[in-house]
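Engineer: Structure incoming, see below.
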Amino acid sequence: MRFLAVMFLVCACVLAGDARYVGGTVGSLPADAEGDLRATDDLFLQFRCKGRELHVPYTQVNLLEYGQQVDRRYIAAALVSPLFLMSKKRQHFLSLGYTDAQGRQQAMVFRVDKSKIRALLVSLEARTGLKVQYQDEQARKAGKG
């Protein structure tokens, strides 16, 4: 029984996505698709979600932008405790622009897990040769560590 519980947790961690496609111009990806965003391949940025896979050549990437959205936890404060108003939840967003195979400009926005954003930004800068543009000073601090 213990073995099954451990296997379930391992499978859940492997299947859990580290990024969510918020939206953009890529018609083959549904908005709000959760999946894995990887910059570990030598040639392509990869996004994999349910039954779909997208490969963007690093040579075609022409925009990297990072920003944060800070949400106060109003619902939790109303339902549980007013102390939740003191806490903030930061969401991390990567905007990526690239030219597709037909020469058209495309854009994608991903919400990326907090624990993955720094490594992803460093990897994308190294592989594309571009510098990440930061939306504000808070994003710069969070993105550079």
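Residues are referred to by chain and number: the chain letter is A, B, ... according to the order shown in the structure tokens, the number counts from 1 in that chain, and ligands are numbered separately from 1 in the order shown.
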Can you tell me, as a ChimeraX atom specification, what residues are no more than 8 Å from Ile117 (chain A) when counting only C-alpha atoms, ignoring any on the same chain fewer than 4 positions away?
Structural biologist: /A:92,112-113,121,143
Engineer: So that I can see what lies close to region 57-67 of chain A, please list as a PyMOL selection string the residues with an atom at most 8 Å from it, counting only C-alpha atoms and leaving out residues fewer than 5 positions away in the same chain.
Structural biologist: chain A and resi 43-45+92-100+127-128+130-136+139+143
Engineer: Please provide as a PyMOL selection string all residues within 12 Å of Asp18 (chain A), with the sequence filter that same-chain residues fewer than 6 positions apart are discarded (counting only C-alpha atoms).
Structural biologist: chain A and resi 33-38+47-49+92-93+110-117+120
Engineer: Quick one: pull the distance between CA of Pro30 (chain A) and CA of Lys50 (chain A), Å, one decimal.
Structural biologist: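 Between CA of Pro30 (chain A) and CA of Lys50 (chain A) the gap works out to 9.9 Å.
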Engineer: Have a look at CA of Gln106 (chain A) and CA of Val26 (chain A) and let me know their distance in Å, one decimal.
Structural biologist: 6.7 Å
Engineer: How many Å lie between CA of Arg52 (chain A) and CA of Gly24 (chain A), rounded to one decimal?
Structural biologist: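 That distance, rounded to one decimal, is 15.7 Å.
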Engineer: Could you check the closest approach to Ala119 (chain A) for each of A:Thr40, A:Gln102, A:Gln91, A:Gln69 and tell me which residue wins, using only C-alpha atoms?
Structural biologist: A:Thr40
